[in-house]
>>> print(open('upload.pdb').read())   # PDB, C-alpha atoms, pLDDT in the B column
ATOM      1  CA  MET A1068       0.000   0.000   0.000  1.00 94.00           C
ATOM      2  CA  ARG A1069       1.250   3.468  -0.879  1.00 96.00           C
ATOM      3  CA  ALA A1070       0.878   6.192   1.734  1.00 97.00           C
ATOM      4  CA  PHE A1071       1.046   9.951   1.244  1.00 97.00           C
ATOM      5  CA  ILE A1072       2.174  11.883   4.314  1.00 97.00           C
ATOM      6  CA  VAL A1073       1.534  15.619   4.110  1.00 97.00           C
ATOM      7  CA  ALA A1074       3.533  17.936   6.372  1.00 93.00           C
ATOM      8  CA  ASN A1075       2.870  21.601   7.093  1.00 91.00           C
ATOM      9  CA  SER A1076       5.184  23.785   5.012  1.00 89.00           C
ATOM     10  CA  GLN A1077       3.015  26.514   3.516  1.00 84.00           C
ATOM     11  CA  HIS A1078       5.859  27.151   1.041  1.00 87.00           C
ATOM     12  CA  SER A1079       5.540  23.689  -0.512  1.00 90.00           C
ATOM     13  CA  LEU A1080       3.926  22.923  -3.847  1.00 91.00           C
ATOM     14  CA  PRO A1081       1.808  19.878  -4.664  1.00 94.00           C
ATOM     15  CA  PRO A1082       3.921  17.226  -6.400  1.00 94.00           C
ATOM     16  CA  VAL A1083       3.575  17.516 -10.159  1.00 90.00           C
ATOM     17  CA  HIS A1084       3.613  13.796 -10.997  1.00 85.00           C
ATOM     18  CA  LEU A1085       2.397  12.249  -7.749  1.00 89.00           C
ATOM     19  CA  ARG A1086      -1.050  12.490  -6.202  1.00 91.00           C
ATOM     20  CA  PRO A1087      -3.180  10.037  -4.223  1.00 95.00           C
ATOM     21  CA  GLN A1088      -5.067   7.390  -6.152  1.00 93.00           C
ATOM     22  CA  ALA A1089      -7.793   4.960  -5.109  1.00 91.00           C
ATOM     23  CA  GLY A1090      -6.414   2.628  -2.446  1.00 92.00           C
ATOM     24  CA  ASP A1091      -3.696   5.016  -1.245  1.00 95.00           C
ATOM     25  CA  LEU A1092      -3.557   6.100   2.386  1.00 96.00           C
ATOM     26  CA  VAL A1093      -3.360   9.866   3.012  1.00 98.00           C
ATOM     27  CA  LEU A1094      -2.244  11.082   6.434  1.00 97.00           C
ATOM     28  CA  ALA A1095      -2.015  14.763   7.326  1.00 97.00           C
ATOM     29  CA  ALA A1096       0.616  15.778   9.880  1.00 95.00           C
ATOM     30  CA  ASP A1097      -1.303  18.488  11.761  1.00 92.00           C
ATOM     31  CA  GLY A1098      -1.335  21.572   9.489  1.00 94.00           C
ATOM     32  CA  GLY A1099      -0.679  19.320   6.522  1.00 96.00           C
ATOM     33  CA  ALA A1100      -4.464  19.006   6.564  1.00 96.00           C
ATOM     34  CA  ASN A1101      -4.638  22.630   5.398  1.00 96.00           C
ATOM     35  CA  LEU A1102      -2.565  21.717   2.345  1.00 96.00           C
ATOM     36  CA  CYS A1103      -4.618  18.591   1.625  1.00 97.00           C
ATOM     37  CA  LEU A1104      -7.783  20.667   1.472  1.00 96.00           C
ATOM     38  CA  ALA A1105      -6.120  23.362  -0.651  1.00 95.00           C
ATOM     39  CA  TRP A1106      -4.777  20.733  -3.072  1.00 96.00           C
ATOM     40  CA  GLY A1107      -8.039  18.804  -3.252  1.00 95.00           C
ATOM     41  CA  TRP A1108      -6.526  15.690  -1.650  1.00 96.00           C
ATOM     42  CA  PRO A1109      -8.538  13.317   0.522  1.00 96.00           C
ATOM     43  CA  VAL A1110      -7.559  12.847   4.178  1.00 97.00           C
ATOM     44  CA  ASP A1111      -7.801   9.496   5.954  1.00 97.00           C
ATOM     45  CA  ALA A1112      -6.522  10.749   9.331  1.00 97.00           C
ATOM     46  CA  VAL A1113      -4.869  13.763  10.954  1.00 97.00           C
ATOM     47  CA  VAL A1114      -2.086  13.195  13.473  1.00 96.00           C
ATOM     48  CA  GLY A1115      -0.210  15.705  15.647  1.00 93.00           C
ATOM     49  CA  ASP A1116      -0.646  18.212  18.444  1.00 89.00           C
ATOM     50  CA  MET A1117      -3.092  20.267  16.355  1.00 92.00           C
ATOM     51  CA  ASP A1118      -1.329  23.592  16.814  1.00 88.00           C
ATOM     52  CA  SER A1119      -1.190  24.460  13.110  1.00 91.00           C
ATOM     53  CA  ILE A1120      -4.347  23.098  11.498  1.00 94.00           C
ATOM     54  CA  THR A1121      -6.829  25.919  11.000  1.00 95.00           C
ATOM     55  CA  ALA A1122     -10.114  25.878  12.875  1.00 95.00           C
ATOM     56  CA  ALA A1123     -11.993  25.880   9.572  1.00 96.00           C
ATOM     57  CA  ALA A1124     -10.031  22.896   8.249  1.00 95.00           C
ATOM     58  CA  ARG A1125     -10.587  20.971  11.462  1.00 95.00           C
ATOM     59  CA  ARG A1126     -14.336  21.620  11.391  1.00 96.00           C
ATOM     60  CA  GLN A1127     -14.558  20.547   7.760  1.00 96.00           C
ATOM     61  CA  LEU A1128     -12.645  17.299   8.279  1.00 96.00           C
ATOM     62  CA  GLU A1129     -14.429  16.459  11.520  1.00 95.00           C
ATOM     63  CA  GLY A1130     -17.687  16.982   9.654  1.00 95.00           C
ATOM     64  CA  GLN A1131     -16.513  14.411   7.116  1.00 95.00           C
ATOM     65  CA  GLY A1132     -15.784  11.921   9.895  1.00 95.00           C
ATOM     66  CA  VAL A1133     -12.001  12.053   9.489  1.00 96.00           C
ATOM     67  CA  PRO A1134     -10.339  10.713  12.671  1.00 96.00           C
ATOM     68  CA  PHE A1135      -7.966  12.960  14.640  1.00 95.00           C
ATOM     69  CA  MET A1136      -5.102  11.352  16.547  1.00 92.00           C
ATOM     70  CA  VAL A1137      -4.115  14.100  18.994  1.00 89.00           C
ATOM     71  CA  ALA A1138      -0.612  14.056  20.463  1.00 85.00           C
ATOM     72  CA  PRO A1139       0.620  16.156  23.398  1.00 84.00           C
ATOM     73  CA  THR A1140       2.427  19.387  22.571  1.00 83.00           C
ATOM     74  CA  ALA A1141       5.366  18.339  24.782  1.00 79.00           C
ATOM     75  CA  LYS A1142       6.680  15.397  22.789  1.00 81.00           C
ATOM     76  CA  ASP A1143       9.974  14.117  21.393  1.00 73.00           C
ATOM     77  CA  GLU A1144       8.808  13.636  17.790  1.00 80.00           C
ATOM     78  CA  THR A1145       7.615  16.066  15.154  1.00 87.00           C
ATOM     79  CA  ASP A1146       4.116  15.626  13.796  1.00 91.00           C
ATOM     80  CA  LEU A1147       5.602  14.334  10.533  1.00 92.00           C
ATOM     81  CA  ASP A1148       7.612  11.718  12.434  1.00 91.00           C
ATOM     82  CA  LEU A1149       4.419  10.564  14.166  1.00 93.00           C
ATOM     83  CA  ALA A1150       2.573  10.387  10.852  1.00 95.00           C
ATOM     84  CA  LEU A1151       5.338   8.274   9.305  1.00 94.00           C
ATOM     85  CA  ARG A1152       5.158   5.845  12.217  1.00 93.00           C
ATOM     86  CA  LEU A1153       1.390   5.631  11.826  1.00 94.00           C
ATOM     87  CA  ALA A1154       1.679   4.909   8.103  1.00 96.00           C
ATOM     88  CA  LEU A1155       4.109   2.054   8.759  1.00 94.00           C
ATOM     89  CA  SER A1156       1.883   0.634  11.489  1.00 94.00           C
ATOM     90  CA  ARG A1157      -0.978   0.558   8.972  1.00 94.00           C
ATOM     91  CA  GLY A1158       1.073  -1.510   6.553  1.00 93.00           C
ATOM     92  CA  ALA A1159       2.437   1.084   4.127  1.00 95.00           C
ATOM     93  CA  THR A1160       5.013  -0.405   1.760  1.00 94.00           C
ATOM     94  CA  GLU A1161       5.796   2.859  -0.092  1.00 94.00           C
ATOM     95  CA  LEU A1162       5.856   6.395   1.306  1.00 97.00           C
ATOM     96  CA  VAL A1163       5.534   9.762  -0.426  1.00 97.00           C
ATOM     97  CA  ILE A1164       6.144  12.791   1.805  1.00 97.00           C
ATOM     98  CA  ALA A1165       4.720  16.114   0.613  1.00 97.00           C
ATOM     99  CA  GLY A1166       4.559  19.572   2.161  1.00 94.00           C
ATOM    100  CA  ALA A1167       7.960  19.081   3.767  1.00 93.00           C
ATOM    101  CA  LEU A1168      10.251  21.644   2.083  1.00 92.00           C
ATOM    102  CA  GLY A1169      10.635  25.409   2.427  1.00 84.00           C
ATOM    103  CA  GLY A1170       9.816  27.731   5.284  1.00 82.00           C
ATOM    104  CA  ARG A1171      11.683  27.042   8.521  1.00 85.00           C
ATOM    105  CA  ILE A1172      15.141  25.658   7.733  1.00 91.00           C
ATOM    106  CA  ASP A1173      15.228  23.582  10.931  1.00 89.00           C
ATOM    107  CA  HIS A1174      12.049  21.787   9.931  1.00 85.00           C
ATOM    108  CA  THR A1175      13.251  21.330   6.339  1.00 91.00           C
ATOM    109  CA  LEU A1176      16.550  19.789   7.485  1.00 90.00           C
ATOM    110  CA  GLY A1177      14.766  17.712  10.084  1.00 88.00           C
ATOM    111  CA  ASN A1178      12.330  16.427   7.476  1.00 90.00           C
ATOM    112  CA  LEU A1179      15.201  15.420   5.187  1.00 92.00           C
ATOM    113  CA  ALA A1180      16.869  13.668   8.114  1.00 91.00           C
ATOM    114  CA  LEU A1181      13.735  11.576   8.670  1.00 90.00           C
ATOM    115  CA  LEU A1182      14.625   9.744   5.450  1.00 93.00           C
ATOM    116  CA  ALA A1183      17.451   8.130   7.436  1.00 92.00           C
ATOM    117  CA  LEU A1184      15.119   6.576  10.034  1.00 89.00           C
ATOM    118  CA  PRO A1185      16.074   2.902  10.439  1.00 90.00           C
ATOM    119  CA  SER A1186      12.382   2.000  10.190  1.00 89.00           C
ATOM    120  CA  LEU A1187      12.331   3.369   6.614  1.00 90.00           C
ATOM    121  CA  ALA A1188      15.424   1.518   5.407  1.00 86.00           C
ATOM    122  CA  SER A1189      13.390  -1.226   3.703  1.00 88.00           C
ATOM    123  CA  THR A1190      10.481   1.005   2.631  1.00 92.00           C
ATOM    124  CA  PRO A1191      10.827   3.081  -0.576  1.00 92.00           C
ATOM    125  CA  THR A1192      10.400   6.672   0.591  1.00 94.00           C
ATOM    126  CA  CYS A1193      10.671  10.008  -1.186  1.00 96.00           C
ATOM    127  CA  ILE A1194       9.989  13.664  -0.499  1.00 96.00           C
ATOM    128  CA  ALA A1195       8.105  15.262  -3.393  1.00 96.00           C
ATOM    129  CA  ASP A1196       7.566  18.997  -3.880  1.00 95.00           C
ATOM    130  CA  GLY A1197       6.523  20.573  -7.164  1.00 93.00           C
ATOM    131  CA  ASP A1198       8.954  19.376  -9.826  1.00 93.00           C
ATOM    132  CA  GLN A1199      11.478  18.036  -7.273  1.00 95.00           C
ATOM    133  CA  THR A1200      11.708  14.529  -5.818  1.00 96.00           C
ATOM    134  CA  ILE A1201      14.279  13.515  -3.190  1.00 96.00           C
ATOM    135  CA  TRP A1202      15.423  10.057  -2.103  1.00 96.00           C
ATOM    136  CA  LEU A1203      18.039   8.830   0.353  1.00 96.00           C
ATOM    137  CA  VAL A1204      20.253   6.253  -1.357  1.00 96.00           C
ATOM    138  CA  HIS A1205      21.565   3.502   0.935  1.00 93.00           C
ATOM    139  CA  ASP A1206      22.927   1.236  -1.792  1.00 91.00           C
ATOM    140  CA  ARG A1207      21.158   1.398  -5.183  1.00 94.00           C
ATOM    141  CA  LEU A1208      18.423   3.477  -6.785  1.00 95.00           C
ATOM    142  CA  THR A1209      16.927   3.761 -10.270  1.00 96.00           C
ATOM    143  CA  ILE A1210      15.395   7.132 -11.124  1.00 95.00           C
ATOM    144  CA  ALA A1211      12.934   7.377 -14.004  1.00 94.00           C
ATOM    145  CA  GLY A1212      12.988  10.650 -15.907  1.00 94.00           C
ATOM    146  CA  GLN A1213      13.796  12.176 -19.278  1.00 94.00           C
ATOM    147  CA  PRO A1214      16.880  13.612 -20.992  1.00 96.00           C
ATOM    148  CA  GLY A1215      17.399  17.151 -19.747  1.00 95.00           C
ATOM    149  CA  ASP A1216      16.216  16.491 -16.203  1.00 96.00           C
ATOM    150  CA  THR A1217      18.565  17.592 -13.415  1.00 96.00           C
ATOM    151  CA  LEU A1218      20.024  15.043 -11.014  1.00 97.00           C
ATOM    152  CA  SER A1219      22.075  16.129  -8.003  1.00 96.00           C
ATOM    153  CA  LEU A1220      23.785  13.855  -5.494  1.00 95.00           C
ATOM    154  CA  LEU A1221      24.714  15.111  -2.040  1.00 94.00           C
ATOM    155  CA  PRO A1222      26.625  13.103   0.581  1.00 95.00           C
ATOM    156  CA  PHE A1223      24.469  12.896   3.685  1.00 93.00           C
ATOM    157  CA  GLY A1224      25.913  12.701   7.173  1.00 89.00           C
ATOM    158  CA  GLY A1225      29.486  12.120   6.003  1.00 92.00           C
ATOM    159  CA  ASP A1226      31.570  11.096   3.003  1.00 94.00           C
ATOM    160  CA  ALA A1227      30.064   8.745   0.410  1.00 95.00           C
ATOM    161  CA  ARG A1228      32.405   6.226  -1.220  1.00 96.00           C
ATOM    162  CA  GLY A1229      32.156   3.966  -4.202  1.00 95.00           C
ATOM    163  CA  VAL A1230      29.599   6.207  -5.903  1.00 96.00           C
ATOM    164  CA  SER A1231      28.587   5.267  -9.434  1.00 96.00           C
ATOM    165  CA  VAL A1232      25.953   6.937 -11.605  1.00 97.00           C
ATOM    166  CA  SER A1233      25.015   6.236 -15.224  1.00 96.00           C
ATOM    167  CA  GLY A1234      22.465   7.666 -17.629  1.00 96.00           C
ATOM    168  CA  VAL A1235      23.805  11.186 -16.987  1.00 96.00           C
ATOM    169  CA  HIS A1236      26.017  13.654 -18.845  1.00 96.00           C
ATOM    170  CA  TRP A1237      28.801  13.339 -16.247  1.00 95.00           C
ATOM    171  CA  PRO A1238      28.870   9.706 -15.127  1.00 96.00           C
ATOM    172  CA  LEU A1239      30.757   8.504 -12.058  1.00 95.00           C
ATOM    173  CA  HIS A1240      32.362   5.150 -11.347  1.00 95.00           C
ATOM    174  CA  GLU A1241      33.435   4.166  -7.844  1.00 95.00           C
ATOM    175  CA  ALA A1242      33.987   7.844  -7.005  1.00 94.00           C
ATOM    176  CA  GLU A1243      34.400   9.382  -3.574  1.00 94.00           C
ATOM    177  CA  LEU A1244      32.065  12.260  -2.751  1.00 93.00           C
ATOM    178  CA  PRO A1245      33.312  14.002   0.388  1.00 94.00           C
ATOM    179  CA  LEU A1246      30.883  15.964   2.500  1.00 92.00           C
ATOM    180  CA  GLY A1247      31.187  19.644   1.581  1.00 88.00           C
ATOM    181  CA  PRO A1248      32.360  20.085  -2.039  1.00 87.00           C
ATOM    182  CA  SER A1249      29.693  20.581  -4.713  1.00 85.00           C
ATOM    183  CA  LEU A1250      31.118  18.169  -7.309  1.00 86.00           C
ATOM    184  CA  SER A1251      27.877  16.257  -7.904  1.00 91.00           C
ATOM    185  CA  ILE A1252      25.403  19.144  -8.061  1.00 93.00           C
ATOM    186  CA  SER A1253      23.366  19.736 -11.263  1.00 94.00           C
ATOM    187  CA  ASN A1254      24.216  16.709 -13.348  1.00 95.00           C
ATOM    188  CA  ARG A1255      21.953  16.195 -16.358  1.00 96.00           C
ATOM    189  CA  MET A1256      20.119  13.062 -17.397  1.00 96.00           C
ATOM    190  CA  ILE A1257      20.730  11.856 -20.967  1.00 96.00           C
ATOM    191  CA  ALA A1258      18.458   8.813 -20.831  1.00 95.00           C
ATOM    192  CA  SER A1259      15.029   7.830 -19.550  1.00 95.00           C
ATOM    193  CA  GLN A1260      16.529   6.550 -16.333  1.00 96.00           C
ATOM    194  CA  ALA A1261      19.601   7.039 -14.167  1.00 97.00           C
ATOM    195  CA  GLU A1262      21.231   4.287 -12.112  1.00 97.00           C
ATOM    196  CA  ILE A1263      22.859   5.270  -8.810  1.00 97.00           C
ATOM    197  CA  ALA A1264      24.961   3.084  -6.526  1.00 96.00           C
ATOM    198  CA  VAL A1265      26.913   3.842  -3.358  1.00 96.00           C
ATOM    199  CA  ARG A1266      29.203   1.357  -1.608  1.00 96.00           C
ATOM    200  CA  SER A1267      29.457   3.127   1.754  1.00 94.00           C
ATOM    201  CA  GLY A1268      27.782   6.179   3.213  1.00 94.00           C
ATOM    202  CA  LEU A1269      24.502   7.813   2.241  1.00 94.00           C
ATOM    203  CA  LEU A1270      23.471  10.027  -0.668  1.00 94.00           C
ATOM    204  CA  LEU A1271      20.597  12.418  -1.111  1.00 95.00           C
ATOM    205  CA  ALA A1272      19.454  12.133  -4.732  1.00 96.00           C
ATOM    206  CA  VAL A1273      17.502  15.157  -5.985  1.00 96.00           C
ATOM    207  CA  HIS A1274      15.656  14.748  -9.286  1.00 96.00           C
ATOM    208  CA  ILE A1275      14.266  17.924 -10.873  1.00 95.00           C
ATOM    209  CA  THR A1276      11.980  17.520 -13.873  1.00 92.00           C
ATOM    210  CA  ALA A1277      12.950  19.744 -16.803  1.00 84.00           C
ATOM    211  CA  ASP A1278       9.403  19.840 -18.174  1.00 74.00           C
ATOM    212  CA  PRO A1279       7.064  19.264 -15.211  1.00 58.00           C
ATOM    213  CA  TRP A1280       3.953  19.269 -17.422  1.00 55.00           C
ATOM    214  CA  ARG A1281       4.999  16.566 -19.846  1.00 55.00           C
TER     215      ARG A1281
END
>>> encode(input="upload.pdb", output="structure tokens")
Amino acid sequence: MRAFIVANSQHSLPPVHLRPQAGDLVLAADGGANLCLAWGWPVDAVVGDMDSITAAARRQLEGQGVPFMVAPTAKDETDLDLALRLALSRGATELVIAGALGGRIDHTLGNLALLALPSLASTPTCIADGDQTIWLVHDRLTIAGQPGDTLSLLPFGGDARGVSVSGVHWPLHEAELPLGPSLSISNRMIASQAEIAVRSGLLLAVHITADPWR
């Protein structure tokens, strides 16, 4: 089952190529419910401390019978973290996180860091925002796209070693990508898919669609 988890960045855009379909689970992390209503997305449940959902959105969803799972304000997890845990407990086998980029930099970085949760290691998970999609690469990843799309690789949490990427204008083979330098920013896809591999360390892979309306 695919689950969409919607966080609360009011600066985020709805994903261009990803939206809930019949059978998908949609969980709003607190104020993510505001975005779901603005985007015309269904909501299966709202989870969080309810400090950012608007009163109007809450009334509307309660009127539709949407369940609210209220957490205390004093807690160790963000609302998005709680929503991810709920999705996994409901049997999600694929996760799409939306509404997670822009606005407060601490929340944006924290949301990216959630991709490294051990509980997500065996569950395909991406953050999608407008024409951008982000994955955390533990070992291998295939990205579907088109020639002209941008693909950036960023070491995450430390150096990445044994990095190989094909299907791009500047391929790599068993390269070392140290944390800091911008060597692997703004590569360009030359095929309909790019293959990424990393032998040790973690990589953030950022795919930006050249023509988001194709």
>>> closest_atom_pairs(input="upload.pdb", of="stretch 1188-1279 of chain A", to="stretch 1173-1183 of chain A", cutoff="12 Å", atoms="only C-alpha atoms", output="JSON lines")
{"residue": "A:Ala1188", "atom": "CA", "partner": "A:Ala1183", "partner_atom": "CA", "distance": 7.2}
{"residue": "A:Ser1189", "atom": "CA", "partner": "A:Ala1183", "partner_atom": "CA", "distance": 10.9}
{"residue": "A:Thr1190", "atom": "CA", "partner": "A:Leu1182", "partner_atom": "CA", "distance": 10.1}
{"residue": "A:Pro1191", "atom": "CA", "partner": "A:Leu1182", "partner_atom": "CA", "distance": 9.8}
{"residue": "A:Thr1192", "atom": "CA", "partner": "A:Leu1182", "partner_atom": "CA", "distance": 7.1}
{"residue": "A:Cys1193", "atom": "CA", "partner": "A:Leu1182", "partner_atom": "CA", "distance": 7.7}
{"residue": "A:Ile1194", "atom": "CA", "partner": "A:Leu1179", "partner_atom": "CA", "distance": 7.9}
{"residue": "A:Ala1195", "atom": "CA", "partner": "A:Leu1179", "partner_atom": "CA", "distance": 11.1}
{"residue": "A:Asp1196", "atom": "CA", "partner": "A:Thr1175", "partner_atom": "CA", "distance": 11.9}
{"residue": "A:Thr1200", "atom": "CA", "partner": "A:Leu1179", "partner_atom": "CA", "distance": 11.6}
{"residue": "A:Ile1201", "atom": "CA", "partner": "A:Leu1179", "partner_atom": "CA", "distance": 8.6}
{"residue": "A:Trp1202", "atom": "CA", "partner": "A:Leu1182", "partner_atom": "CA", "distance": 7.6}
{"residue": "A:Leu1203", "atom": "CA", "partner": "A:Leu1182", "partner_atom": "CA", "distance": 6.2}
{"residue": "A:Val1204", "atom": "CA", "partner": "A:Ala1183", "partner_atom": "CA", "distance": 9.4}
{"residue": "A:His1205", "atom": "CA", "partner": "A:Ala1183", "partner_atom": "CA", "distance": 9.0}
{"residue": "A:Leu1221", "atom": "CA", "partner": "A:Leu1179", "partner_atom": "CA", "distance": 12.0}
{"residue": "A:Phe1223", "atom": "CA", "partner": "A:Ala1180", "partner_atom": "CA", "distance": 8.8}
{"residue": "A:Gly1224", "atom": "CA", "partner": "A:Ala1180", "partner_atom": "CA", "distance": 9.1}
{"residue": "A:Gly1268", "atom": "CA", "partner": "A:Ala1183", "partner_atom": "CA", "distance": 11.3}
{"residue": "A:Leu1269", "atom": "CA", "partner": "A:Ala1183", "partner_atom": "CA", "distance": 8.8}
{"residue": "A:Leu1270", "atom": "CA", "partner": "A:Ala1183", "partner_atom": "CA", "distance": 10.3}
{"residue": "A:Leu1271", "atom": "CA", "partner": "A:Leu1179", "partner_atom": "CA", "distance": 8.8}
{"residue": "A:Ala1272", "atom": "CA", "partner": "A:Leu1179", "partner_atom": "CA", "distance": 11.3}
{"residue": "A:Val1273", "atom": "CA", "partner": "A:Leu1179", "partner_atom": "CA", "distance": 11.4}
>>> write_last_selection(input="upload.pdb", atoms="C-alpha atoms", output="PDB file, keeping the file's coordinate frame")
ATOM      1  CA  ALA A1188      15.424   1.518   5.407  1.00 86.00           C
ATOM      2  CA  SER A1189      13.390  -1.226   3.703  1.00 88.00           C
ATOM      3  CA  THR A1190      10.481   1.005   2.631  1.00 92.00           C
ATOM      4  CA  PRO A1191      10.827   3.081  -0.576  1.00 92.00           C
ATOM      5  CA  THR A1192      10.400   6.672   0.591  1.00 94.00           C
ATOM      6  CA  CYS A1193      10.671  10.008  -1.186  1.00 96.00           C
ATOM      7  CA  ILE A1194       9.989  13.664  -0.499  1.00 96.00           C
ATOM      8  CA  ALA A1195       8.105  15.262  -3.393  1.00 96.00           C
ATOM      9  CA  ASP A1196       7.566  18.997  -3.880  1.00 95.00           C
ATOM     10  CA  THR A1200      11.708  14.529  -5.818  1.00 96.00           C
ATOM     11  CA  ILE A1201      14.279  13.515  -3.190  1.00 96.00           C
ATOM     12  CA  TRP A1202      15.423  10.057  -2.103  1.00 96.00           C
ATOM     13  CA  LEU A1203      18.039   8.830   0.353  1.00 96.00           C
ATOM     14  CA  VAL A1204      20.253   6.253  -1.357  1.00 96.00           C
ATOM     15  CA  HIS A1205      21.565   3.502   0.935  1.00 93.00           C
ATOM     16  CA  LEU A1221      24.714  15.111  -2.040  1.00 94.00           C
ATOM     17  CA  PHE A1223      24.469  12.896   3.685  1.00 93.00           C
ATOM     18  CA  GLY A1224      25.913  12.701   7.173  1.00 89.00           C
ATOM     19  CA  GLY A1268      27.782   6.179   3.213  1.00 94.00           C
ATOM     20  CA  LEU A1269      24.502   7.813   2.241  1.00 94.00           C
ATOM     21  CA  LEU A1270      23.471  10.027  -0.668  1.00 94.00           C
ATOM     22  CA  LEU A1271      20.597  12.418  -1.111  1.00 95.00           C
ATOM     23  CA  ALA A1272      19.454  12.133  -4.732  1.00 96.00           C
ATOM     24  CA  VAL A1273      17.502  15.157  -5.985  1.00 96.00           C
TER      25      VAL A1273
END
>>> resolve_selection(input="upload.pdb", expression="the PyMOL selection byres ((chain A and resi 1138-1147) around 7)", output="PDB file with C-alpha atoms, in the frame of the given file")
ATOM      1  CA  ALA A1074       3.533  17.936   6.372  1.00 93.00           C
ATOM      2  CA  ALA A1096       0.616  15.778   9.880  1.00 95.00           C
ATOM      3  CA  ASP A1097      -1.303  18.488  11.761  1.00 92.00           C
ATOM      4  CA  VAL A1114      -2.086  13.195  13.473  1.00 96.00           C
ATOM      5  CA  GLY A1115      -0.210  15.705  15.647  1.00 93.00           C
ATOM      6  CA  ASP A1116      -0.646  18.212  18.444  1.00 89.00           C
ATOM      7  CA  MET A1136      -5.102  11.352  16.547  1.00 92.00           C
ATOM      8  CA  VAL A1137      -4.115  14.100  18.994  1.00 89.00           C
ATOM      9  CA  ASP A1148       7.612  11.718  12.434  1.00 91.00           C
ATOM     10  CA  LEU A1149       4.419  10.564  14.166  1.00 93.00           C
ATOM     11  CA  ALA A1150       2.573  10.387  10.852  1.00 95.00           C
ATOM     12  CA  LEU A1151       5.338   8.274   9.305  1.00 94.00           C
TER      13      LEU A1151
END
>>> atom_distance(input="upload.pdb", atom1="atom CA of A:Ser1259", atom2="atom CA of A:Thr1209")
10.3 Å
>>> atom_distance(input="upload.pdb", atom1="atom CA of A:Ile1257", atom2="atom CA of A:His1274")
13.1 Å
>>> resolve_selection(input="upload.pdb", expression="the PyMOL selection byres ((chain A and resi 1234-1240) around 8)", output="PyMOL selection string")
chain A and resi 1229-1233+1241-1242+1254-1262
>>> residues_around(input="upload.pdb", residues="A:Asn1075", least_positions_apart="6", cutoff="10 Å", atoms="all atoms listed in the file", output="PDB file with C-alpha atoms, in the coordinates of the input")
ATOM      1  CA  ALA A1095      -2.015  14.763   7.326  1.00 97.00           C
ATOM      2  CA  ALA A1096       0.616  15.778   9.880  1.00 95.00           C
ATOM      3  CA  ASP A1097      -1.303  18.488  11.761  1.00 92.00           C
ATOM      4  CA  GLY A1098      -1.335  21.572   9.489  1.00 94.00           C
ATOM      5  CA  GLY A1099      -0.679  19.320   6.522  1.00 96.00           C
ATOM      6  CA  ALA A1100      -4.464  19.006   6.564  1.00 96.00           C
ATOM      7  CA  ASN A1101      -4.638  22.630   5.398  1.00 96.00           C
ATOM      8  CA  LEU A1102      -2.565  21.717   2.345  1.00 96.00           C
ATOM      9  CA  CYS A1103      -4.618  18.591   1.625  1.00 97.00           C
ATOM     10  CA  SER A1119      -1.190  24.460  13.110  1.00 91.00           C
ATOM     11  CA  ILE A1120      -4.347  23.098  11.498  1.00 94.00           C
ATOM     12  CA  ASP A1146       4.116  15.626  13.796  1.00 91.00           C
ATOM     13  CA  LEU A1147       5.602  14.334  10.533  1.00 92.00           C
ATOM     14  CA  ALA A1165       4.720  16.114   0.613  1.00 97.00           C
ATOM     15  CA  GLY A1166       4.559  19.572   2.161  1.00 94.00           C
ATOM     16  CA  ALA A1167       7.960  19.081   3.767  1.00 93.00           C
ATOM     17  CA  LEU A1168      10.251  21.644   2.083  1.00 92.00           C
ATOM     18  CA  GLY A1169      10.635  25.409   2.427  1.00 84.00           C
ATOM     19  CA  GLY A1170       9.816  27.731   5.284  1.00 82.00           C
ATOM     20  CA  HIS A1174      12.049  21.787   9.931  1.00 85.00           C
TER      21      HIS A1174
END
>>> build_atoms(input="upload.pdb", residues="stretch 1258-1267 of chain A", atoms="N, CA and C atoms", output="PDB file, in the frame of the given file")
ATOM      1  N   ALA A1258      19.242   9.999 -20.511  1.00 95.00           N
ATOM      2  CA  ALA A1258      18.458   8.813 -20.831  1.00 95.00           C
ATOM      3  C   ALA A1258      17.156   8.866 -20.036  1.00 95.00           C
ATOM      4  N   SER A1259      16.321   7.860 -20.240  1.00 95.00           N
ATOM      5  CA  SER A1259      15.029   7.830 -19.550  1.00 95.00           C
ATOM      6  C   SER A1259      15.135   7.338 -18.118  1.00 95.00           C
ATOM      7  N   GLN A1260      16.326   6.897 -17.727  1.00 96.00           N
ATOM      8  CA  GLN A1260      16.529   6.550 -16.333  1.00 96.00           C
ATOM      9  C   GLN A1260      18.001   6.705 -15.973  1.00 96.00           C
ATOM     10  N   ALA A1261      18.245   6.938 -14.697  1.00 97.00           N
ATOM     11  CA  ALA A1261      19.601   7.039 -14.167  1.00 97.00           C
ATOM     12  C   ALA A1261      19.764   5.968 -13.100  1.00 97.00           C
ATOM     13  N   GLU A1262      20.918   5.323 -13.097  1.00 97.00           N
ATOM     14  CA  GLU A1262      21.231   4.287 -12.112  1.00 97.00           C
ATOM     15  C   GLU A1262      22.275   4.836 -11.144  1.00 97.00           C
ATOM     16  N   ILE A1263      21.971   4.757  -9.853  1.00 97.00           N
ATOM     17  CA  ILE A1263      22.859   5.270  -8.810  1.00 97.00           C
ATOM     18  C   ILE A1263      23.235   4.128  -7.880  1.00 97.00           C
ATOM     19  N   ALA A1264      24.506   4.075  -7.505  1.00 96.00           N
ATOM     20  CA  ALA A1264      24.961   3.084  -6.526  1.00 96.00           C
ATOM     21  C   ALA A1264      25.960   3.754  -5.587  1.00 96.00           C
ATOM     22  N   VAL A1265      25.936   3.355  -4.330  1.00 96.00           N
ATOM     23  CA  VAL A1265      26.913   3.842  -3.358  1.00 96.00           C
ATOM     24  C   VAL A1265      27.358   2.648  -2.512  1.00 96.00           C
ATOM     25  N   ARG A1266      28.669   2.508  -2.338  1.00 96.00           N
ATOM     26  CA  ARG A1266      29.203   1.357  -1.608  1.00 96.00           C
ATOM     27  C   ARG A1266      29.193   1.580  -0.110  1.00 96.00           C
ATOM     28  N   SER A1267      29.516   2.813   0.322  1.00 94.00           N
ATOM     29  CA  SER A1267      29.457   3.127   1.754  1.00 94.00           C
ATOM     30  C   SER A1267      29.056   4.583   1.927  1.00 94.00           C
TER      31      SER A1267
END
